[in-house]
>>> print(open('structure_35.txt').read())   # compact mmCIF, C-alpha atoms
# COMPACT_ATOMS: atom_id res chain seq x y z
CA MET A 297 -27.64 -7.96 -30.87
CA LYS A 298 -25.32 -5.08 -29.91
CA VAL A 299 -27.92 -3.77 -27.46
CA LEU A 300 -28.20 -7.21 -25.86
CA LEU A 301 -24.43 -7.45 -25.49
CA LYS A 302 -24.31 -4.01 -23.86
CA VAL A 303 -27.08 -4.84 -21.39
CA SER A 304 -25.59 -8.26 -20.56
CA PHE A 305 -22.15 -6.80 -19.95
CA ILE A 306 -23.50 -4.04 -17.69
CA ILE A 307 -25.50 -6.60 -15.66
CA ILE A 308 -22.34 -8.70 -15.18
CA ILE A 309 -20.45 -5.63 -13.96
CA ILE A 310 -23.20 -4.70 -11.49
CA LEU A 311 -23.48 -8.24 -10.12
CA SER A 312 -19.72 -8.52 -9.72
CA CYS A 313 -19.75 -5.39 -7.55
CA ALA A 314 -22.40 -6.74 -5.17
CA LYS A 315 -21.43 -6.71 -1.50
CA TRP A 316 -21.50 -10.34 -0.46
CA ASP A 317 -20.92 -11.19 3.19
CA GLN A 318 -18.14 -13.57 2.19
CA LEU A 319 -16.05 -10.82 0.55
CA ALA A 320 -13.78 -8.51 2.55
CA ALA A 321 -13.01 -4.95 1.50
CA GLN A 322 -9.49 -4.04 0.40
CA ASP A 323 -7.73 -1.72 2.82
CA THR A 324 -5.73 0.28 0.24
CA HIS A 325 -7.62 -0.32 -3.03
CA TYR A 326 -6.87 2.42 -5.62
CA TRP A 327 -7.27 5.81 -3.97
CA ASN A 328 -3.94 6.26 -2.18
CA LEU A 329 -1.54 5.66 -5.10
CA HIS A 330 -2.05 6.84 -8.67
CA TYR A 331 -0.38 5.73 -11.90
CA GLY A 332 -0.47 7.55 -15.23
CA THR A 333 -1.79 10.99 -16.15
CA PRO A 334 -5.58 10.32 -16.09
CA SER A 335 -5.50 8.70 -12.65
CA THR A 336 -3.29 11.45 -11.21
CA VAL A 337 -5.48 14.23 -12.62
CA LEU A 338 -8.66 12.49 -11.39
CA SER A 339 -7.09 11.93 -7.95
CA GLY A 340 -7.48 8.17 -8.14
CA ALA A 341 -11.04 8.05 -9.50
CA VAL A 342 -9.97 5.31 -11.92
CA ILE A 343 -10.52 1.58 -11.55
CA CYS A 344 -10.93 -0.31 -14.83
CA SER A 345 -11.72 2.13 -17.66
CA VAL A 346 -8.34 3.55 -18.69
CA SER A 347 -6.92 4.53 -22.07
CA ASP A 348 -3.18 4.83 -21.44
CA ILE A 349 -0.45 2.31 -20.70
CA ALA A 350 -1.18 2.53 -16.97
CA ALA A 351 -3.79 -0.09 -17.89
CA THR A 352 -1.02 -2.63 -17.29
CA TYR A 353 -1.99 -2.17 -13.62
CA TYR A 354 -5.61 -0.97 -13.67
CA ASN A 355 -7.05 -3.26 -16.36
CA PRO A 356 -4.75 -5.27 -18.65
CA ALA A 357 -7.59 -5.86 -21.14
CA ALA A 358 -7.75 -2.14 -21.98
CA LEU A 359 -4.46 -2.42 -23.86
CA GLY A 360 -6.30 -4.55 -26.42
CA LEU A 361 -8.86 -1.78 -27.02
CA PHE A 362 -6.68 1.32 -27.22
CA PRO A 363 -3.40 1.97 -29.02
CA ALA A 364 -0.86 2.11 -26.19
CA PRO A 365 1.99 4.62 -26.13
CA GLU A 366 5.43 3.11 -26.53
CA ILE A 367 6.73 4.27 -23.15
CA LEU A 368 5.57 6.08 -20.01
CA LEU A 369 7.61 7.39 -17.11
CA SER A 370 5.74 9.19 -14.32
CA GLY A 371 7.36 10.45 -11.18
CA LYS A 372 7.56 14.24 -10.99
CA VAL A 373 4.78 14.34 -8.43
CA TYR A 374 5.19 15.08 -4.75
CA GLU A 375 2.96 13.98 -1.92
CA TYR A 376 2.47 15.05 1.68
CA ASN A 377 2.09 12.32 4.32
CA SER A 378 1.12 12.86 7.94
CA LEU A 379 0.93 10.41 10.85
CA SER A 380 -0.54 11.13 14.29
CA LEU A 381 -0.35 9.01 17.44
CA ASN A 382 -3.05 10.02 19.91
CA ASN A 383 -1.85 10.27 23.53
CA GLY A 384 1.55 9.03 22.36
CA ALA A 385 3.45 11.12 24.92
CA GLY A 386 0.88 10.82 27.69
CA PRO A 387 -2.74 11.81 28.23
CA GLY A 388 -3.64 14.70 25.93
CA LYS A 389 -0.18 14.81 24.33
CA ASP A 390 -0.20 13.59 20.75
CA LEU A 391 2.82 12.75 18.61
CA THR A 392 2.90 13.71 14.93
CA SER A 393 5.19 13.14 11.98
CA SER A 394 4.98 14.49 8.42
CA THR A 395 7.00 14.10 5.23
CA ILE A 396 7.03 15.58 1.72
CA GLU A 397 8.60 13.33 -0.91
CA ALA A 398 8.29 12.12 -4.49
CA ALA A 399 5.23 9.98 -5.11
CA PRO A 400 5.57 6.33 -6.18
CA THR A 401 6.46 6.00 -9.86
CA LEU A 402 5.42 3.94 -12.85
CA PHE A 403 7.71 2.99 -15.73
CA ALA A 404 5.93 1.15 -18.53
CA GLY A 405 6.27 0.52 -22.23
CA SER A 406 4.86 -1.55 -25.08
CA ILE A 407 6.66 -4.33 -26.95
CA THR A 408 6.18 -4.12 -30.72
CA LEU A 409 6.62 -7.33 -32.69
CA GLU A 410 5.13 -7.98 -36.15
CA TRP A 411 4.17 -11.57 -35.42
CA LEU A 412 2.00 -10.54 -32.44
CA GLY A 413 -0.90 -9.58 -34.68
CA ASP A 414 -3.91 -8.58 -32.54
CA HIS A 415 -2.02 -9.49 -29.39
CA THR A 416 -0.39 -6.77 -27.26
CA LEU A 417 2.59 -7.11 -24.94
CA SER A 418 3.70 -4.48 -22.45
CA TYR A 419 6.00 -4.28 -19.44
CA SER A 420 5.70 -2.24 -16.26
CA ILE A 421 7.63 -1.48 -13.08
CA LEU A 422 5.77 0.32 -10.32
CA THR A 423 6.01 1.14 -6.64
CA ARG A 424 2.90 -0.44 -5.15
CA GLN A 425 3.46 0.55 -1.52
CA ARG A 426 5.93 2.83 0.23
CA MET A 427 6.09 4.23 3.75
CA ASN A 428 8.85 5.83 5.77
CA PHE A 429 7.73 7.30 9.10
CA GLY A 430 9.45 8.09 12.35
CA ILE A 431 7.97 9.42 15.59
CA GLU A 432 9.87 10.46 18.69
CA GLY A 433 8.54 11.77 21.98
CA ARG A 434 10.11 12.60 25.36
CA ARG A 435 8.57 13.54 28.67
CA GLY A 436 9.96 14.61 32.03
CA GLY A 437 8.82 16.41 35.17
CA VAL A 438 7.13 16.01 38.52
CA GLN A 439 3.78 14.33 39.07
CA GLU A 440 1.57 13.47 42.01
CA SER A 441 0.85 9.85 42.97
CA ASP A 442 -0.49 7.92 45.96
CA LEU A 443 3.05 7.94 47.36
CA GLY A 444 3.52 11.69 46.94
CA GLU A 445 5.56 13.58 44.37
CA GLU A 446 7.59 11.57 41.86
CA LEU A 447 10.19 12.53 39.30
CA VAL A 448 9.28 10.94 35.97
CA ALA A 449 11.02 10.69 32.63
CA GLY A 450 10.22 8.75 29.50
CA GLU A 451 10.98 8.35 25.81
CA LEU A 452 9.21 6.77 22.84
CA ILE A 453 10.75 6.08 19.44
CA ALA A 454 8.75 4.41 16.66
CA ASN A 455 9.93 3.88 13.08
CA GLN A 456 8.26 2.21 10.12
CA GLU A 457 9.84 1.53 6.72
CA LEU A 458 7.98 -0.25 3.93
CA SER A 459 8.53 -0.70 0.19
CA ASP A 460 6.77 -2.97 -2.31
CA LEU A 461 8.03 -3.04 -5.92
CA TRP A 462 6.02 -4.77 -8.66
CA VAL A 463 7.52 -5.91 -11.99
CA GLY A 464 5.09 -7.25 -14.57
CA LEU A 465 4.54 -8.32 -18.19
CA THR A 466 1.10 -7.66 -19.69
CA TRP A 467 -0.64 -9.66 -22.42
CA ALA A 468 -3.90 -8.48 -24.01
CA VAL A 469 -5.92 -9.51 -27.05
CA LYS A 470 -8.98 -8.05 -28.72
CA MET A 471 -11.99 -10.36 -28.96
CA GLY A 472 -14.16 -9.14 -31.83
CA SER A 473 -14.73 -5.44 -32.35
CA ASN A 474 -15.79 -4.44 -28.83
CA PHE A 475 -14.27 -6.76 -26.24
CA ALA A 476 -10.78 -7.56 -25.00
CA ILE A 477 -9.18 -9.68 -22.31
CA GLY A 478 -5.79 -9.36 -20.65
CA VAL A 479 -3.56 -10.44 -17.78
CA THR A 480 -0.51 -9.03 -16.01
CA PRO A 481 1.58 -11.47 -13.96
CA TYR A 482 3.64 -9.61 -11.35
CA ILE A 483 6.69 -10.35 -9.25
CA SER A 484 6.43 -8.44 -5.98
CA VAL A 485 9.48 -7.56 -3.88
CA ARG A 486 8.40 -6.40 -0.42
CA ASN A 487 10.67 -5.14 2.34
CA GLN A 488 9.46 -3.96 5.74
CA LYS A 489 11.10 -2.93 8.99
CA THR A 490 9.32 -1.77 12.14
CA ARG A 491 10.92 -0.78 15.44
CA LYS A 492 9.27 0.52 18.61
CA HIS A 493 11.22 1.45 21.72
CA ALA A 494 9.85 2.90 24.97
CA TYR A 495 11.61 3.77 28.19
CA SER A 496 10.12 5.16 31.40
CA GLU A 497 11.68 5.95 34.78
CA VAL A 498 10.22 7.01 38.14
CA ILE A 499 12.05 8.24 41.25
CA ASN A 500 9.94 8.58 44.39
CA GLN A 501 10.54 10.72 47.49
CA ASP A 502 12.56 7.94 49.15
CA GLY A 503 14.98 7.82 46.22
CA ASP A 504 13.71 4.47 44.97
CA VAL A 505 14.03 4.08 41.21
CA SER A 506 11.65 2.14 38.99
CA ALA A 507 12.34 1.72 35.29
CA SER A 508 10.72 -0.03 32.35
CA ILE A 509 12.16 -0.77 28.91
CA ILE A 510 10.15 -2.16 26.00
CA THR A 511 11.73 -2.82 22.61
CA GLN A 512 9.90 -4.50 19.75
CA GLN A 513 11.35 -4.92 16.25
CA PHE A 514 10.81 -7.03 13.16
CA GLU A 515 12.08 -6.91 9.59
CA TYR A 516 11.61 -9.12 6.57
CA SER A 517 12.03 -9.42 2.80
CA ASN A 518 9.62 -11.41 0.66
CA TYR A 519 9.39 -12.31 -3.04
CA ARG A 520 5.87 -13.10 -4.24
CA LEU A 521 3.87 -13.87 -7.38
CA LEU A 522 0.43 -12.46 -8.23
CA ALA A 523 -1.59 -11.55 -11.30
CA LYS A 524 -4.25 -9.08 -12.42
CA PHE A 525 -6.88 -10.31 -14.88
CA GLY A 526 -9.05 -7.90 -16.85
CA ILE A 527 -12.05 -7.77 -19.18
CA GLY A 528 -12.82 -4.61 -21.14
CA ALA A 529 -15.40 -3.39 -23.62
CA MET A 530 -15.80 -0.26 -25.71
CA PHE A 531 -19.08 0.94 -27.23
CA ASP A 532 -18.73 4.27 -29.01
CA ALA A 533 -18.25 6.77 -26.14
CA LEU A 534 -18.84 4.16 -23.41
CA THR A 535 -15.99 2.10 -21.99
CA VAL A 536 -16.44 -0.45 -19.21
CA GLY A 537 -14.15 -2.91 -17.53
CA LEU A 538 -13.75 -5.53 -14.84
CA ASN A 539 -10.55 -6.66 -13.13
CA PHE A 540 -9.54 -9.26 -10.59
CA THR A 541 -6.36 -9.40 -8.50
CA THR A 542 -5.24 -12.81 -7.27
CA PRO A 543 -3.89 -13.46 -3.77
CA THR A 544 -0.11 -13.49 -3.59
CA LEU A 545 1.98 -16.67 -3.67
CA SER A 546 5.18 -16.50 -1.64
CA ILE A 547 8.33 -17.69 -3.45
CA MET A 548 11.01 -17.04 -0.86
CA GLY A 549 11.96 -14.62 1.88
CA ASN A 550 13.59 -14.14 5.23
CA GLY A 551 13.03 -12.13 8.37
CA SER A 552 13.93 -11.58 11.99
CA SER A 553 12.27 -10.26 15.14
CA LEU A 554 13.34 -8.88 18.50
CA ILE A 555 11.41 -8.40 21.73
CA ASN A 556 13.02 -7.05 24.87
CA LEU A 557 10.97 -6.39 28.02
CA ALA A 558 12.70 -5.29 31.19
CA ASN A 559 11.38 -3.88 34.47
CA THR A 560 13.21 -2.94 37.64
CA GLY A 561 11.93 -1.52 40.91
CA GLU A 562 8.35 -1.31 42.09
CA GLY A 563 5.52 1.14 41.87
CA THR A 564 6.04 2.36 38.31
CA SER A 565 3.15 4.68 37.58
CA ASP A 566 0.92 3.75 34.64
CA GLU A 567 0.77 7.40 33.65
CA THR A 568 4.44 7.36 32.64
CA ALA A 569 4.03 4.50 30.17
CA PHE A 570 4.01 5.45 26.51
CA ILE A 571 2.83 2.16 25.04
>>> encode(input="structure_35.txt", output="structure tokens")
Amino acid sequence: MKVLLKVSFIIIIILSCAKWDQLAAQDTHYWNLHYGTPSTVLSGAVICSVSDIAATYYNPAALGLFPAPEILLSGKVYEYNSLSLNNGAGPGKDLTSSTIEAAPTLFAGSITLEWLGDHTLSYSILTRQRMNFGIEGRRGGVQESDLGEELVAGELIANQELSDLWVGLTWAVKMGSNFAIGVTPYISVRNQKTRKHAYSEVINQDGDVSASIITQQFEYSNYRLLAKFGIGAMFDALTVGLNFTTPTLSIMGNGSSLINLANTGEGTSDETAFI
């Protein structure tokens, strides 16, 4: 009977991982942010089979199979981020930006109550997404055009700020001696601001001036609900798991946008444009 359960569970896991045409891949999945010691040490090679309280995120059901630590605070890890914009300052002139900062953190703990019995409750607060990049580029000089030599000058400024904080409460229960199920409902607080500004100017031999200004900006805050469901099983030295993350449900939010396009003069060369 145990062998049949093992084989059936493994078949379910394999079938659930099949690549159906109707399913789209996740763009960030699990490899860019890590929570808990095992995931950090394994550089993100963790999906469902976890044995610490980081299971509140990876697989809520695992908390029903393993005794969870009372509290976990991870954050003394630093990461290096680099962003490159090809031809951002003109043909063959790339723009780059890099930062070194503390990695996103996880704060989690278990709730111990006598009346819970085989049920497990835990809480978690984690940084799901974070980005803070800025790129600046300037260009000036003389270039040849169909109208002769031109004086050109330009500037590009692009900034991106993003943060996504998740707060959740995990429930898990053991089903028999080998299986467990669990769920973590999350409240997500997402804030994002993006601004892109480009300016270019051309002065030809006759003294005529052509200029172009492009400014694009948007920012918003959004409060959302989502949940992670998990199934886990443990057979001696073998642990397996399956999780499912629901789409988000917007509760409330606000935002604003700005677009400013301005051109003056004629004959602005395409080579001076940054974006």
>>> closest_residue(input="structure_35.txt", among="A:Thr416, A:Asn550, A:Thr560, A:Thr544", to="Gly360 (chain A)", atoms="only C-alpha atoms")
A:Thr416
>>> residues_near_point(input="structure_35.txt", point="(13.3, 4.9, 8.8)", cutoff="7 Å", atoms="only C-alpha atoms", output="PDB file with C-alpha atoms, keeping the file's coordinate frame")
ATOM      1  CA  ASN A 428       8.850   5.830   5.770  1.00  0.00           C
ATOM      2  CA  PHE A 429       7.730   7.300   9.100  1.00  0.00           C
ATOM      3  CA  GLY A 430       9.450   8.090  12.350  1.00  0.00           C
ATOM      4  CA  ASN A 455       9.930   3.880  13.080  1.00  0.00           C
ATOM      5  CA  GLN A 456       8.260   2.210  10.120  1.00  0.00           C
ATOM      6  CA  GLU A 457       9.840   1.530   6.720  1.00  0.00           C
TER       7      GLU A 457
END
>>> residues_near_point(input="structure_35.txt", point="(15.2, 6.7, 43.0)", cutoff="12 Å", atoms="all atoms listed in the file", output="ChimeraX atom specification")
/A:445-449,497-507,560-564
>>> closest_residue(input="structure_35.txt", among="A:Asn518, A:Asn355, A:Thr423, A:Ser496", to="Arg435 (chain A)", atoms="all atoms listed in the file")
A:Ser496
>>> closest_residue(input="structure_35.txt", among="A:Glu432, A:Asp532, A:Asp442, A:Asp460", to="Tyr519 (chain A)", atoms="all atoms listed in the file")
A:Asp460
>>> residues_around(input="structure_35.txt", residues="region 491-493 of chain A", least_positions_apart="5", cutoff="8 Å", atoms="all atoms listed in the file", output="list in words")
Leu452, Ile453, Ala454, Asn455, Gln456, Ile509, Ile510, Thr511, Gln512, Gln513 and Phe514 of chain A
>>> atom_distance(input="structure_35.txt", atom1="CA of Gln425 (chain A)", atom2="CA of Ala404 (chain A)")
17.2 Å
>>> residues_around(input="structure_35.txt", residues="Leu545 (chain A)", least_positions_apart="4", cutoff="7 Å", atoms="only C-alpha atoms", output="list in words")
Arg520, Leu521 and Leu522 of chain A
>>> atom_distance(input="structure_35.txt", atom1="CA of Leu422 (chain A)", atom2="CA of Glu410 (chain A)")
27.1 Å
>>> atom_distance(input="structure_35.txt", atom1="CA of Ser552 (chain A)", atom2="CA of Val463 (chain A)")
25.5 Å
